[in-house]
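Colleague: Dropping a structure here in structure tokens format, bear with me for questions.
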Amino acid sequence: QIDSFAPPVGNDDTTIDMRRYEVNVLVDNGQTEGAPVISEQNPTYNNLFGRLEYEMQGGLLTTHFTNIKCGSLHYANGGYLMIDAHELLENPNTWRALKRALTSNQISLQPAATMNNGQVLAKSLAPEPIPLNVKVILMGSPDLFYALYYADEAFQTLFKVRADFDGTMPNVVGNVNEYAQFIAARCHEEKLLHFDPSGVGRVVEHGSRLVDNQNKLSTRFGLIADLVREASFWAGKNGRSLVTAADVQQALDERLNRANFYELRTQERILNEQVFVATAGEVVGQVNGLSVIDMGEYAFGIPGRLTARTYVGDGGVVHIEREIDMSGPIHDKGVLTLNGYLGGKYATESALSFAASLTFEQNYAGIDGDSASSTELYALLSSLGNLPIKQGIAVTGSVNQRGEIQPIGGVNEKIEGFFKICAARGLTGEQGVIIPASNVGDLMLSDEVITAVSEGNFHIWAITHVDEGIELLTGVPAGKADEDGQFEEGTVHHAVQGQLRNLESKRSGNKEDDDDDEADEGDEDKEES
């Protein structure tokens with residue numbers, strides 16, 4: 001055998017390089033079954049296309065064909081290569097080289113010694129291109145796909161097949177069994193404690209909670225695997241041989257304790273009355289709205305006071321956050337929708353003339369989304385009709401111009417956020433949350449909330465129209481219009497309609513007085529002249 005790293009010395013004292021007689025095998029798929037499937041985690045040029053290594057001889061850089069090293073494209077040739085698109089685009093030169101390779105169906109290795117604008121930096125080689133037959137799979141976000149699709153014409157030609165991966169799957173018996181199999185596989189492979197049926201059921205419940213839908217399960221199995229490991233740890237600490245639902249819940253509680261610092265501080269400010277949120281009594285033009293704060297791995301709901309004031313004028317609804325650019329476009333759309341509802345409800349025969357201001361009290365950050373539009377509408381109706389609203393009820397839901405309540409996101413976090421404040425102050429049996437009926441299928445609430453609701457200490461009302469919500473909040477019938485557009489006395493809409501006409505009458509009277517004053521001033525000017 002010839003040791004190529006210590007070549008023999010000839011009779012003339014010259015070194016004989018025997019590497020010229022060797023074979024440089026780049027890839028050996030002799031033991032591979034089927035087409036090769038390669039995943040490249042760091043798609044740099046050298047990792048994809050290979051490299052040509054150099055060595056020092058006699059003070060000079062030189063190389064040899066045995067120094068040609070292969071890359072992922074060589075390993076995947078004849079099969080499939082998976083690349084993270086975000087990582088690939090961080091190397092623009094590599095992205096361009098990959099497009100050239102896929103277009104020409106060849107792997108061309110550009111030596112590092114000649115990559116500086118073609119200038120030769122050392123004695124090098126120019127390996128012949130290798131025929132390429134590979135399917136490249138780019139993985140990335142939809143935003144990145146669309147950015148490449150419209151910005152790079154070659155992308156449309158080279159990557160013609162798109163596949164979306166859903167983060168959810170139906171909550172059916174077959175998929176629940178697969179959840180159980182996944183849990184069992186993790187326990188076998190990682191030597192974890194196995195789960196009893198209650199433990200598996202609690203993990204499945206958490207899978208639905210992750211997607212806020214009773215009829216779906218999350219396919220984010222990395223998060224599920226983490227929960228399995230943590231639950232196994234706590235079961236061992238508790239001296240159990242099998243993981244139960246209590247152990248899974250303890251793992252979830254420990255996660256909560258690690259992530260809810262900001263939530264606790266926010267609740268503390270409300271309970272200390274540094275942030276004003278009422279959970280008892282009745283107030284005109286004041287409603288408890290609900291919002292969600294997302295901290296990344298943890299999101300929580302928090303109540304906030306929304307107030308409305310109405311008065312004589314013709315400026316319509318003015319939202320203070322909108323006026324000072326503290327609100328996003330979706331929220332602004334929800335506010336403008338209120339004008340459409342009020343006009344269609346009360347101004348079919350005469351002009352709608354009033355002024356109103358809305359604001360989220362003690363809100364010092366931006367706000368977006370239209371989930372508070374129904375809350376804003378209730379506050380307006382209460383202020384216009386001089387009807388007090390029950391402060392033990394919080395509201396969430398989007399509203400359209402017809403008064404229909406539309407679904408929103410984060411319904412579980414919102415309900416639980418208000419429940420925690422009410423529970424800390426003491427449940428009265430009259431507190432609760434109004435949600436859209438279309439969000440009922442999304443309810444995956446904590447055990448504390450479920451227990452309180454079942455015992456009648458807390459309530460969740462699901463509604464489809466504003467009329468249902470205002471009746472719950474005020475205890476007064478909403479009322480229906482007759483053929484002449486008039487509402488019966490003793491109803492919310494009758495009170496609102498009467499106040500709108502009163503405001504219009506006052507505005508018209510003030511305008512006539514101003515016109516008379518201007519006319520009198522004109523007559524005086526004529527007499528003087």
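Naming scheme: A, B, ... for chains in displayed order of the structure tokens; residues 1 onward per chain; ligands 1 onward as shown.
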Tell me, as a ChimeraX atom specification, which residues lie within 9 Å of Gly485 in chain A, counting only C-alpha atoms; anything in the same chain fewer than 3 positions away does not count.
Modeller: /A:345-346,348-349,480-482
Colleague: Go ahead and write the residues just picked, all heavy atoms, as a PDB file, in the first residue's frame.
Modeller:
ATOM      1  N   LYS A 345     -79.438  52.894  11.316  1.00  0.00           N
ATOM      2  CA  LYS A 345     -80.416  52.578  12.359  1.00  0.00           C
ATOM      3  C   LYS A 345     -81.308  53.764  12.698  1.00  0.00           C
ATOM      4  O   LYS A 345     -82.521  53.607  12.917  1.00  0.00           O
ATOM      5  CB  LYS A 345     -79.674  52.121  13.623  1.00  0.00           C
ATOM      6  CG  LYS A 345     -80.559  51.449  14.667  1.00  0.00           C
ATOM      7  CD  LYS A 345     -80.942  50.046  14.217  1.00  0.00           C
ATOM      8  CE  LYS A 345     -81.674  49.285  15.306  1.00  0.00           C
ATOM      9  NZ  LYS A 345     -82.060  47.933  14.860  1.00  0.00           N
ATOM     10  N   TYR A 346     -80.729  54.976  12.735  1.00  0.00           N
ATOM     11  CA  TYR A 346     -81.475  56.108  13.271  1.00  0.00           C
ATOM     12  C   TYR A 346     -81.646  57.271  12.296  1.00  0.00           C
ATOM     13  O   TYR A 346     -82.318  58.249  12.638  1.00  0.00           O
ATOM     14  CB  TYR A 346     -80.782  56.636  14.526  1.00  0.00           C
ATOM     15  CG  TYR A 346     -80.551  55.589  15.587  1.00  0.00           C
ATOM     16  CD1 TYR A 346     -79.273  55.132  15.888  1.00  0.00           C
ATOM     17  CD2 TYR A 346     -81.618  55.054  16.299  1.00  0.00           C
ATOM     18  CE1 TYR A 346     -79.055  54.176  16.867  1.00  0.00           C
ATOM     19  CE2 TYR A 346     -81.414  54.093  17.287  1.00  0.00           C
ATOM     20  CZ  TYR A 346     -80.134  53.658  17.556  1.00  0.00           C
ATOM     21  OH  TYR A 346     -79.935  52.715  18.526  1.00  0.00           O
ATOM     22  N   THR A 348     -82.672  57.139   8.858  1.00  0.00           N
ATOM     23  CA  THR A 348     -83.296  56.772   7.573  1.00  0.00           C
ATOM     24  C   THR A 348     -84.268  57.844   7.094  1.00  0.00           C
ATOM     25  O   THR A 348     -84.583  57.913   5.907  1.00  0.00           O
ATOM     26  CB  THR A 348     -84.049  55.439   7.721  1.00  0.00           C
ATOM     27  OG1 THR A 348     -84.995  55.543   8.805  1.00  0.00           O
ATOM     28  CG2 THR A 348     -83.074  54.310   8.018  1.00  0.00           C
ATOM     29  N   GLU A 349     -84.788  58.681   7.996  1.00  0.00           N
ATOM     30  CA  GLU A 349     -85.759  59.710   7.626  1.00  0.00           C
ATOM     31  C   GLU A 349     -85.197  61.120   7.773  1.00  0.00           C
ATOM     32  O   GLU A 349     -85.686  62.054   7.153  1.00  0.00           O
ATOM     33  CB  GLU A 349     -87.026  59.578   8.494  1.00  0.00           C
ATOM     34  CG  GLU A 349     -87.736  58.237   8.349  1.00  0.00           C
ATOM     35  CD  GLU A 349     -88.298  58.023   6.951  1.00  0.00           C
ATOM     36  OE1 GLU A 349     -88.560  59.028   6.264  1.00  0.00           O
ATOM     37  OE2 GLU A 349     -88.453  56.846   6.561  1.00  0.00           O
ATOM     38  N   LYS A 480     -87.749  47.179  18.581  1.00  0.00           N
ATOM     39  CA  LYS A 480     -87.788  47.048  17.137  1.00  0.00           C
ATOM     40  C   LYS A 480     -88.548  48.214  16.537  1.00  0.00           C
ATOM     41  O   LYS A 480     -89.493  48.736  17.135  1.00  0.00           O
ATOM     42  CB  LYS A 480     -88.446  45.724  16.742  1.00  0.00           C
ATOM     43  CG  LYS A 480     -87.653  44.493  17.173  1.00  0.00           C
ATOM     44  CD  LYS A 480     -88.319  43.217  16.684  1.00  0.00           C
ATOM     45  CE  LYS A 480     -87.508  41.988  17.094  1.00  0.00           C
ATOM     46  NZ  LYS A 480     -88.145  40.733  16.635  1.00  0.00           N
ATOM     47  N   ALA A 481     -88.157  48.602  15.348  1.00  0.00           N
ATOM     48  CA  ALA A 481     -88.781  49.745  14.677  1.00  0.00           C
ATOM     49  C   ALA A 481     -90.056  49.312  13.978  1.00  0.00           C
ATOM     50  O   ALA A 481     -90.162  48.188  13.460  1.00  0.00           O
ATOM     51  CB  ALA A 481     -87.811  50.359  13.679  1.00  0.00           C
ATOM     52  N   ASP A 482     -91.053  50.236  13.954  1.00  0.00           N
ATOM     53  CA  ASP A 482     -92.285  49.956  13.213  1.00  0.00           C
ATOM     54  C   ASP A 482     -92.116  50.392  11.769  1.00  0.00           C
ATOM     55  O   ASP A 482     -91.016  50.723  11.319  1.00  0.00           O
ATOM     56  CB  ASP A 482     -93.473  50.657  13.881  1.00  0.00           C
ATOM     57  CG  ASP A 482     -93.269  52.159  13.999  1.00  0.00           C
ATOM     58  OD1 ASP A 482     -92.437  52.709  13.248  1.00  0.00           O
ATOM     59  OD2 ASP A 482     -93.926  52.795  14.842  1.00  0.00           O
TER      60      ASP A 482
END
Colleague: Env of Arg269 in chain A: 12 Å cut, atoms = only C-alpha atoms, seq-sep filter 4 positions within chain, self excluded. Answer as a list in words.
Modeller: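 So the residues in contact are Tyr262, Glu263, Leu264, Arg265, Glu273, Gln274, Val275, Phe276, Val277, Ile302, Pro303, Gly304, Gln362 and Ile421 of chain A.
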Colleague: Just the selected residues (all heavy atoms), exported as a tab-separated table (two decimals), in the first residue's frame, please.
Modeller:
chain	number	residue	atom	x	y	z
A	262	TYR	N	-45.25	39.75	33.69
A	262	TYR	CA	-45.88	41.00	33.26
A	262	TYR	C	-47.38	40.96	33.51
A	262	TYR	O	-47.99	41.97	33.90
A	262	TYR	CB	-45.59	41.26	31.79
A	262	TYR	CG	-46.08	42.61	31.31
A	262	TYR	CD1	-45.43	43.78	31.67
A	262	TYR	CD2	-47.21	42.71	30.50
A	262	TYR	CE1	-45.88	45.01	31.25
A	262	TYR	CE2	-47.68	43.94	30.07
A	262	TYR	CZ	-47.01	45.09	30.44
A	262	TYR	OH	-47.47	46.31	30.03
A	263	GLU	N	-47.99	39.80	33.34
A	263	GLU	CA	-49.43	39.67	33.59
A	263	GLU	C	-49.74	39.94	35.07
A	263	GLU	O	-50.70	40.66	35.40
A	263	GLU	CB	-49.91	38.28	33.21
A	263	GLU	CG	-51.40	38.05	33.47
A	263	GLU	CD	-51.82	36.62	33.25
A	263	GLU	OE1	-50.93	35.73	33.23
A	263	GLU	OE2	-53.02	36.38	33.10
A	264	LEU	N	-48.94	39.38	35.96
A	264	LEU	CA	-49.16	39.59	37.39
A	264	LEU	C	-49.02	41.05	37.78
A	264	LEU	O	-49.79	41.57	38.59
A	264	LEU	CB	-48.19	38.72	38.20
A	264	LEU	CG	-48.37	37.21	38.08
A	264	LEU	CD1	-47.28	36.49	38.87
A	264	LEU	CD2	-49.75	36.79	38.55
A	265	ARG	N	-48.04	41.72	37.18
A	265	ARG	CA	-47.85	43.14	37.50
A	265	ARG	C	-49.02	43.97	36.98
A	265	ARG	O	-49.46	44.92	37.64
A	265	ARG	CB	-46.53	43.64	36.89
A	265	ARG	CG	-45.30	43.06	37.57
A	265	ARG	CD	-45.22	43.53	39.02
A	265	ARG	NE	-44.13	42.87	39.74
A	265	ARG	CZ	-44.26	41.77	40.46
A	265	ARG	NH1	-45.45	41.18	40.55
A	265	ARG	NH2	-43.23	41.26	41.08
A	273	GLU	N	-56.07	49.52	42.12
A	273	GLU	CA	-56.81	50.67	41.59
A	273	GLU	C	-55.90	51.76	41.07
A	273	GLU	O	-56.24	52.96	41.09
A	273	GLU	CB	-57.77	51.23	42.65
A	273	GLU	CG	-58.84	50.22	43.06
A	273	GLU	CD	-59.88	50.82	44.00
A	273	GLU	OE1	-59.72	52.00	44.38
A	273	GLU	OE2	-60.83	50.10	44.34
A	274	GLN	N	-54.73	51.35	40.58
A	274	GLN	CA	-53.90	52.28	39.83
A	274	GLN	C	-54.35	52.35	38.38
A	274	GLN	O	-54.17	53.35	37.71
A	274	GLN	CB	-52.43	51.85	39.91
A	274	GLN	CG	-51.86	51.92	41.32
A	274	GLN	CD	-50.46	51.33	41.40
A	274	GLN	OE1	-50.19	50.28	40.80
A	274	GLN	NE2	-49.59	51.98	42.15
A	275	VAL	N	-54.92	51.26	37.91
A	275	VAL	CA	-55.61	51.22	36.62
A	275	VAL	C	-57.07	50.97	36.93
A	275	VAL	O	-57.42	50.01	37.61
A	275	VAL	CB	-55.05	50.10	35.72
A	275	VAL	CG1	-55.87	49.99	34.44
A	275	VAL	CG2	-53.58	50.37	35.39
A	276	PHE	N	-57.95	51.85	36.42
A	276	PHE	CA	-59.37	51.81	36.79
A	276	PHE	C	-60.12	50.80	35.94
A	276	PHE	O	-60.29	50.99	34.74
A	276	PHE	CB	-59.99	53.19	36.63
A	276	PHE	CG	-59.36	54.25	37.50
A	276	PHE	CD1	-59.32	55.57	37.09
A	276	PHE	CD2	-58.79	53.92	38.71
A	276	PHE	CE1	-58.74	56.54	37.88
A	276	PHE	CE2	-58.19	54.87	39.51
A	276	PHE	CZ	-58.17	56.19	39.10
A	277	VAL	N	-60.56	49.73	36.58
A	277	VAL	CA	-61.42	48.73	35.95
A	277	VAL	C	-62.46	48.33	36.98
A	277	VAL	O	-62.12	47.76	38.02
A	277	VAL	CB	-60.65	47.49	35.47
A	277	VAL	CG1	-61.62	46.43	34.96
A	277	VAL	CG2	-59.65	47.86	34.38
A	302	ILE	N	-56.42	41.08	29.14
A	302	ILE	CA	-56.48	42.11	30.16
A	302	ILE	C	-57.68	43.00	29.89
A	302	ILE	O	-57.92	43.39	28.74
A	302	ILE	CB	-55.17	42.93	30.19
A	302	ILE	CG1	-55.23	43.98	31.30
A	302	ILE	CG2	-54.89	43.57	28.86
A	302	ILE	CD1	-53.91	44.70	31.51
A	303	PRO	N	-58.49	43.33	30.91
A	303	PRO	CA	-59.61	44.24	30.70
A	303	PRO	C	-59.15	45.69	30.69
A	303	PRO	O	-58.12	46.04	31.28
A	303	PRO	CB	-60.52	43.95	31.90
A	303	PRO	CG	-59.59	43.49	32.97
A	303	PRO	CD	-58.46	42.77	32.27
A	304	GLY	N	-59.90	46.52	30.01
A	304	GLY	CA	-59.61	47.94	29.97
A	304	GLY	C	-60.90	48.75	29.86
A	304	GLY	O	-61.86	48.30	29.23
A	362	GLN	N	-56.56	55.29	30.16
A	362	GLN	CA	-55.25	54.86	30.67
A	362	GLN	C	-54.54	53.92	29.69
A	362	GLN	O	-53.81	53.02	30.08
A	362	GLN	CB	-55.38	54.18	32.03
A	362	GLN	CG	-55.90	55.11	33.12
A	362	GLN	CD	-56.01	54.43	34.46
A	362	GLN	OE1	-56.97	53.72	34.73
A	362	GLN	NE2	-55.01	54.63	35.33
A	421	ILE	N	-59.45	38.90	37.36
A	421	ILE	CA	-59.70	40.13	38.11
A	421	ILE	C	-60.94	39.98	38.98
A	421	ILE	O	-60.96	40.35	40.16
A	421	ILE	CB	-59.83	41.32	37.15
A	421	ILE	CG1	-58.53	41.53	36.37
A	421	ILE	CG2	-60.21	42.58	37.91
A	421	ILE	CD1	-57.34	41.84	37.23
Colleague: Using only C-alpha atoms, can you tell me which of A:Leu352, A:Leu271, A:Ile450, A:Ala308 comes closest to Arg425 in chain A?
Modeller: A:Leu271
Colleague: Smallest atom-to-atom distance to Leu148 in chain A: which of A:Ala85, A:Ala423, A:Tyr364, A:Gln110, using only C-alpha atoms?
Modeller: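 Ranked by minimum distance to Leu148 in chain A, first place goes to A:Ala85.
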Colleague: Determine the nearest neighbour of Gly285 in chain A from the options A:Tyr311, A:Phe360, A:Phe165, A:Tyr378, counting only C-alpha atoms.
Modeller: A:Tyr378
Colleague: Run DSSP on the backbone and tell me which residues of range 35-90 of chain A come out as strand (DSSP E or B); list them as a PyMOL selection string.
Modeller: chain A and resi 37-40+51-52+55-57+60-62+68-69+80-84
Colleague: Could the residues in this selection be written to a file with N, CA and C atoms, as a CSV table (one decimal), in the first residue's frame?
Modeller:
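Resulting contents of selection_12.csv:
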chain,number,residue,atom,x,y,z
A,37,VAL,N,-31.8,11.8,0.2
A,37,VAL,CA,-32.5,13.0,0.7
A,37,VAL,C,-31.6,13.7,1.7
A,38,ILE,N,-31.2,14.9,1.3
A,38,ILE,CA,-30.2,15.6,2.1
A,38,ILE,C,-30.8,16.9,2.6
A,39,SER,N,-30.6,17.3,3.9
A,39,SER,CA,-31.0,18.5,4.4
A,39,SER,C,-29.8,19.4,4.8
A,40,GLU,N,-29.7,20.5,4.1
A,40,GLU,CA,-28.5,21.4,4.4
A,40,GLU,C,-29.0,22.5,5.3
A,51,ARG,N,-15.7,22.4,-2.3
A,51,ARG,CA,-14.5,23.4,-2.2
A,51,ARG,C,-13.3,22.7,-2.7
A,52,LEU,N,-12.3,23.5,-3.1
A,52,LEU,CA,-11.0,23.0,-3.5
A,52,LEU,C,-10.0,23.5,-2.4
A,55,GLU,N,-2.7,23.6,-0.4
A,55,GLU,CA,-1.6,23.2,0.5
A,55,GLU,C,-0.3,23.9,0.2
A,56,MET,N,0.6,24.1,1.1
A,56,MET,CA,1.8,24.9,0.9
A,56,MET,C,2.9,23.9,0.5
A,57,GLN,N,3.6,24.2,-0.6
A,57,GLN,CA,4.8,23.5,-1.1
A,57,GLN,C,5.8,24.4,-1.6
A,60,LEU,N,4.8,28.0,-1.8
A,60,LEU,CA,3.8,28.4,-2.8
A,60,LEU,C,2.5,27.6,-2.5
A,61,LEU,N,1.3,28.2,-2.7
A,61,LEU,CA,0.1,27.6,-2.6
A,61,LEU,C,-0.2,26.7,-3.8
A,62,THR,N,-0.5,25.5,-3.6
A,62,THR,CA,-0.8,24.6,-4.8
A,62,THR,C,-1.9,23.6,-4.3
A,68,ILE,N,-10.3,18.1,-4.1
A,68,ILE,CA,-11.6,18.5,-4.4
A,68,ILE,C,-12.6,17.8,-3.4
A,69,LYS,N,-13.3,18.6,-2.7
A,69,LYS,CA,-14.3,18.1,-1.7
A,69,LYS,C,-15.7,18.4,-2.2
A,80,TYR,N,-33.0,14.5,-3.6
A,80,TYR,CA,-33.7,15.7,-3.1
A,80,TYR,C,-32.8,16.4,-2.1
A,81,LEU,N,-32.8,17.7,-2.2
A,81,LEU,CA,-32.0,18.6,-1.3
A,81,LEU,C,-33.0,19.6,-0.7
A,82,MET,N,-33.0,19.6,0.7
A,82,MET,CA,-33.9,20.6,1.4
A,82,MET,C,-33.0,21.7,2.0
A,83,ILE,N,-33.5,22.9,1.7
A,83,ILE,CA,-32.7,24.1,2.2
A,83,ILE,C,-33.7,25.1,2.8
A,84,ASP,N,-33.3,25.7,3.9
A,84,ASP,CA,-34.0,26.8,4.5
A,84,ASP,C,-33.8,28.0,3.7
Colleague: Give me, please, the distance in Å between CA of Leu192 in chain A and CA of Asp226 in chain A, quoted to one decimal.
Modeller: 11.8 Å
Colleague: From the set A:Ala462, A:Ala394, A:Ile320, A:Ala76, which residue has the shortest atom-to-atom contact distance to Asn29 in chain A, counting only C-alpha atoms?
Modeller: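 With only C-alpha atoms as the atom set, the closest residue is A:Ala76.
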Colleague: Could you pull out the helix (DSSP H, G or I) residues of range 202-256 of chain A from DSSP and send them as a ChimeraX atom specification?
Modeller: /A:202-211,221-237,245-256
